[in-house]
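Asker: If you scroll down you'll find the structure; I have some questions about it.
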Amino acid sequence: MFFISAFNFQNDKFIPTPLPEICALRHDLLNLYYKAAENHLAVVCAPAGYGKTVSTLLWIKDSGRKTVWIGLDEYDNAPFVFYKMFCTGIMSVQPDNVKMEEILKSQAFYSSPVEHTINLLMEFAQDEQSYSLIIDDLHTITNKQILKSLPFILKRMPHSFDILLLSRGNLSEEFNEFIESRNGFVISANELAFSVEEIQKYYNALGHRITKAQAQKVFEITGGWAIGINVLSKSEKFESLHGGGQVLDNYINNNIWAKWDKNLREFMLATSVANEMDAEMCSILTGKENAGDILDKLVVQDLFLIKTSANTYRYHHLFLEFLRSKLKEYPGIDTKELILKTANLYFERQEYFKALAYYVRAENSDGINRCYFPLSSGFLDFSVEEWLGYFTTFVLDKLPEEFTKNNISLVYESAWTNYMNGNAMVALRYIDIANDYIASEQNLAVMKENDFLGFFCTMWFIDFRKGIYEYTEDFSSWIKTFPDQDHDSINIYTPTITLNFPFMHRSFRDFLEIAADMDNRLQAIKEVFGAFLPKEIDVLYNCVMAGIYYEQNKLEKAYKIIILAQYELKKDLRFEIHFCVFMLLSQILNAMEKNEESKSMMEDFFSRIAEENALYLNPNFLAIKTKQRLWDADLKAAGMWLEQLFVTNDEHLLFYKLYQYFTTARAYIVLSERDKAIEYLEKLKKLSSDYRRPLDIAETNVLLAALKWSTGLHKEAGKVMEEVLIAMQPYNAVRIIADEGAAVLPILKKIAKSVERTDYQGLLDIHYLNRVLLCTYEVSKRYKGVTAYLNKKTVKLSKQQKYILTLLAQGYKNTEIVDITGLTINTIKAHTKKIYMKLNVNKAADAVLEAKRLGIIES
């Protein structure tokens, strides 16, 4: 049995539990594994203690395959952690593969782990070797992004790998299609359970000669449960286990635990606070200098302790659960203090992620704060999604709310996390807690001393109860109260300034409010933000100005300003700021009908995203690119968008995915999935309203109006659109409505007729409405609009008709198609006539074009 050591990341998680010295020979079970290997996929699902790991190891030993073993636990439940480990395992197969090494070592891996994993697999050099990839304890993974992406990743594994997925329960439904497509073989508890004959052979191998009747008794007691059989083998009596975890606890308690001396019990209890340990850690936890000798003795005696590497150990997971439950019976053992000691040791070793996990378990504020600063600076290389995922899963979700409220760094993190995750009201609650904290002069002094003020500056940015201009006025007054304050010393530590959004004027705040007095208000914002974003401020200033000009359809001004922002870009600026500049520039060029220039810029920037390892920007990049195709009712683009890995049907909308949701709503409209579109738009309306974002509210309502109009609800559509116009009129915002073109043109025409009447007494200004109407008309000449096919019947061609149409698209004539298909010329003509009727065309060339447009055949 050959296990490949993990490249450059020596880690016990790549080393499986060693096989026991004595194992039962189970030929029938091994044959099941070999049968599964024929299709390169086995799923081994059974409760704890059924021998999933041992059985898999026996097969690996018997097959002689090189193996990559990845053992999981709850702390791998974040995409960047999971895929870093996954790729490290794959890399160990080809440690000299330079291209794979570059991908694995890239700092950008943390911001887009799925994309980097795909790239790494593409660089795998095929060879003649056969390997096994084992992913153990897959049930510990609950992260939605991992569960959705892993089957996609596993499909792209080199064919030289057999994949074995080990789990305590059935795999989540995301794996169903992958398992079915591979004809994956499932090995369950029924197959893993020992038979009477296997039990007898196992006891005999241990030197305990038992009769078949006695083996039958063991089977009746355990149901073939491997761990139960193992425990019974240590006793001279066959006492009933009745098969389950609680009863196993009782058996261990009465027949094993009670017979150990007090010192051994206390040693095990103290060390059980750690998921994994070494001699130094055990010495710290128990005060015993000979801890290493005790650990080795426990391993030799097979007392539920496993040596996972030359220096590390862990308890069998079921026994660990037993020990941790026993801790409650020993009030003299300070569990929290032991966890804290473990955390301190990891912190001293600069293993900050592990240290933070134990500080969280100990609910130790000082320790959490100690970890916060080194981790926060490191998170600058993470995407918004990875940053949120880590702190939500491993910190905030594991702490009581009351504890979080009393720790200022967690208050800050909770404000940002809830803001990004779409929990607007909760975010504001934490901002208020922070405001109360900083109101104290003493607390403010501590924050200055610890370089923590920059964190709070970014938190106040997102308090949308105040307009951004009002915020700058208040902040300017507040910061002037600092004696001899050097603004340059206020350091900002945040993974994002733009939220990875494509447009600065619609990023962490909606800047539309400044349109009323743009020059003066924007200058005031520049002066305040420039105090702590000196490198970025000029580009941000021009990006926001160009964005407002775009919304007002002042395209020449917008173009002039965004080009200035482009010139101000520097290599050391965060790449997400480059992203904002080029996305807006492309959109402005597109609005100016410079289509080829806009398209070329998008293609070039897409390449730059890859070159800069900024793949975390791909979802929002593709959202904007796809949106432009959806304006033309591109059915293929709509389908492709909904198949993207990052497009998920979230019950609760996440604010940082806002632009993606808008594209998803448009895709559903284009595909005539009206109910899904309305569901998304209603959720978007609430999200946008909660965050008080007028442009997002307007975009949502414009799409709702278009949808209502196309489904015959003209009066309702007119009412919704009129509300949008009234809301946007004070800012002279045109494009947020007009960009939908033909989808909204008839609604605007109807409203215009009403406003033009002499008896009209509404709030709309005819001059503003005409500007919107004219711009919408110009857009309608270029794009069909997202509702173009909403009420049209789906065109369905038979398999034969589709084949004939494909041949026509390839340039074949009817006589040639006769030779290719073997059909008669009359049959070909009959099929062609039906194709024309279904596509509502009169000739082959038009049929081909229409079929490509509808996505019936490849374009």
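Following the order of the structure tokens, first chain is A, next is B, and so on, with residues numbered from 1 inside each chain and ligands from 1 in the order they appear.
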Excluding Arg574 in chain A and any residue of its chain fewer than 5 positions from it, enumerate the residues within 9 Å of it, using only C-alpha atoms, and give them as a PyMOL selection string.
Answerer: chain A and resi 496-497+536
Asker: For the residues in the current selection, export all heavy atoms as a PDB file, in the first residue's frame.
Answerer:
```pdb
ATOM      1  N   THR A 496     -12.286  43.933   0.611  1.00  0.00           N
ATOM      2  CA  THR A 496     -12.848  44.579  -0.575  1.00  0.00           C
ATOM      3  C   THR A 496     -13.216  46.027  -0.289  1.00  0.00           C
ATOM      4  O   THR A 496     -13.570  46.385   0.832  1.00  0.00           O
ATOM      5  CB  THR A 496     -14.114  43.821  -1.038  1.00  0.00           C
ATOM      6  OG1 THR A 496     -14.662  44.472  -2.187  1.00  0.00           O
ATOM      7  CG2 THR A 496     -15.153  43.747   0.054  1.00  0.00           C
ATOM      8  N   ILE A 497     -13.088  46.851  -1.310  1.00  0.00           N
ATOM      9  CA  ILE A 497     -13.604  48.216  -1.265  1.00  0.00           C
ATOM     10  C   ILE A 497     -14.868  48.309  -2.106  1.00  0.00           C
ATOM     11  O   ILE A 497     -15.818  48.996  -1.760  1.00  0.00           O
ATOM     12  CB  ILE A 497     -12.545  49.210  -1.781  1.00  0.00           C
ATOM     13  CG1 ILE A 497     -11.336  49.226  -0.831  1.00  0.00           C
ATOM     14  CG2 ILE A 497     -13.115  50.611  -1.923  1.00  0.00           C
ATOM     15  CD1 ILE A 497     -10.166  50.030  -1.357  1.00  0.00           C
ATOM     16  N   GLU A 536      -6.389  55.076  -3.798  1.00  0.00           N
ATOM     17  CA  GLU A 536      -7.545  54.721  -4.626  1.00  0.00           C
ATOM     18  C   GLU A 536      -8.456  55.893  -4.941  1.00  0.00           C
ATOM     19  O   GLU A 536      -9.257  55.824  -5.879  1.00  0.00           O
ATOM     20  CB  GLU A 536      -8.378  53.638  -3.909  1.00  0.00           C
ATOM     21  CG  GLU A 536      -7.676  52.316  -3.704  1.00  0.00           C
ATOM     22  CD  GLU A 536      -6.944  52.228  -2.371  1.00  0.00           C
ATOM     23  OE1 GLU A 536      -6.794  53.294  -1.705  1.00  0.00           O
ATOM     24  OE2 GLU A 536      -6.504  51.135  -1.990  1.00  0.00           O
TER      25      GLU A 536
END
```
Asker: When you look at Lys466 in chain A with a cut-off of 12 Å (counting only C-alpha atoms), what residues show up, excluding the ones that are within fewer than 6 positions of it in the same chain? I need them as number ranges by chain.
Answerer: A: 428, 460, 472-475, 509-511, 513, 691-693
Asker: In terms of the shortest atom-to-atom distance over only C-alpha atoms, which of A:Ala424, A:Ile468, A:Leu585, A:Ile187 is closest to Ser689 in chain A?
Answerer: A:Ala424
Asker: Name all residues at most 6 Å from Ala733 in chain A (count only C-alpha atoms; drop same-chain ones fewer than 3 positions away) and give them as a VMD selection string.
Answerer: chain A and resid 551 to 552 728
Asker: Only all heavy atoms, please: the residues just picked out, written as a PDB file, in the first residue's frame.
Answerer:
```
ATOM      1  N   GLU A 551     -25.732  57.108 -16.069  1.00  0.00           N
ATOM      2  CA  GLU A 551     -27.139  56.956 -15.710  1.00  0.00           C
ATOM      3  C   GLU A 551     -27.971  58.093 -16.298  1.00  0.00           C
ATOM      4  O   GLU A 551     -29.133  57.894 -16.669  1.00  0.00           O
ATOM      5  CB  GLU A 551     -27.303  56.928 -14.181  1.00  0.00           C
ATOM      6  CG  GLU A 551     -26.583  55.790 -13.469  1.00  0.00           C
ATOM      7  CD  GLU A 551     -27.077  54.408 -13.869  1.00  0.00           C
ATOM      8  OE1 GLU A 551     -28.148  54.303 -14.509  1.00  0.00           O
ATOM      9  OE2 GLU A 551     -26.377  53.425 -13.560  1.00  0.00           O
ATOM     10  N   GLN A 552     -27.385  59.271 -16.413  1.00  0.00           N
ATOM     11  CA  GLN A 552     -28.098  60.426 -16.960  1.00  0.00           C
ATOM     12  C   GLN A 552     -28.040  60.473 -18.488  1.00  0.00           C
ATOM     13  O   GLN A 552     -28.528  61.420 -19.098  1.00  0.00           O
ATOM     14  CB  GLN A 552     -27.505  61.713 -16.385  1.00  0.00           C
ATOM     15  CG  GLN A 552     -27.712  61.843 -14.877  1.00  0.00           C
ATOM     16  CD  GLN A 552     -27.030  63.064 -14.289  1.00  0.00           C
ATOM     17  OE1 GLN A 552     -26.035  63.559 -14.826  1.00  0.00           O
ATOM     18  NE2 GLN A 552     -27.546  63.559 -13.179  1.00  0.00           N
ATOM     19  N   MET A 728     -36.915  58.350 -10.271  1.00  0.00           N
ATOM     20  CA  MET A 728     -35.656  58.651 -10.963  1.00  0.00           C
ATOM     21  C   MET A 728     -35.603  60.082 -11.502  1.00  0.00           C
ATOM     22  O   MET A 728     -34.517  60.601 -11.802  1.00  0.00           O
ATOM     23  CB  MET A 728     -35.456  57.666 -12.133  1.00  0.00           C
ATOM     24  CG  MET A 728     -35.210  56.213 -11.702  1.00  0.00           C
ATOM     25  SD  MET A 728     -33.641  56.000 -10.795  1.00  0.00           S
ATOM     26  CE  MET A 728     -34.234  55.956  -9.098  1.00  0.00           C
TER      27      MET A 728
END
```
Asker: Residues of range 600-652 of chain A that have any atom at most 8 Å from an atom of range 110-116 of chain A: could you tabulate them with the shortest-distance atom pair and the distance in Å to one decimal, using only C-alpha atoms, ordered by chain and increasing number, as CSV?
Answerer:
```
residue,atom,partner,partner_atom,distance
A:Ala614,CA,A:Ser111,CA,7.3
A:Leu615,CA,A:Ser112,CA,5.5
A:Tyr616,CA,A:Ser112,CA,4.7
```
Asker: The selected residues should be written to file as an mmCIF file, in the first residue's frame (atoms: N, CA, C and O atoms).
Answerer:
```cif
data_model
loop_
_atom_site.group_PDB
_atom_site.id
_atom_site.type_symbol
_atom_site.label_atom_id
_atom_site.label_comp_id
_atom_site.auth_asym_id
_atom_site.auth_seq_id
_atom_site.Cartn_x
_atom_site.Cartn_y
_atom_site.Cartn_z
ATOM 1 N N ALA A 614 -7.363 36.711 -10.831
ATOM 2 C CA ALA A 614 -8.502 37.354 -10.162
ATOM 3 C C ALA A 614 -9.800 36.661 -10.575
ATOM 4 O O ALA A 614 -10.798 37.314 -10.888
ATOM 5 N N LEU A 615 -9.789 35.336 -10.563
ATOM 6 C CA LEU A 615 -10.938 34.583 -11.041
ATOM 7 C C LEU A 615 -12.180 34.788 -10.180
ATOM 8 O O LEU A 615 -13.296 34.484 -10.602
ATOM 9 N N TYR A 616 -11.998 35.319 -8.977
ATOM 10 C CA TYR A 616 -13.141 35.615 -8.118
ATOM 11 C C TYR A 616 -14.049 36.678 -8.737
ATOM 12 O O TYR A 616 -15.216 36.830 -8.347
#
```
Asker: Can you tell me, as a count of residues only, what residues are no more than 7 Å from range 325-338 of chain A when counting only C-alpha atoms, ignoring any on the same chain fewer than 2 positions away?
Answerer: 11
Asker: What separation in Å, quoted to one decimal, exists between CA of Met157 in chain A and CA of Tyr83 in chain A?
Answerer: 13.5 Å
Asker: Measuring atom to atom with only C-alpha atoms, identify which of A:Pro694, A:Gly530, A:Gly855, A:Pro502 is nearest to Asp634 in chain A.
Answerer: A:Gly855
Asker: Would you return as an NGL selection string the members of range 123-361 of chain A that DSSP assigns to strand (DSSP E or B) on this structure's backbone?
Answerer: :A and (131-136 or 161-167 or 185-187 or 277 or 305-307 or 313-315)
Asker: What does the distance between CA of Phe185 in chain A and CA of Asp136 in chain A come to in Å, to one decimal place?
Answerer: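 Computed distance, CA of Phe185 in chain A to CA of Asp136 in chain A, equals 16.2 Å.
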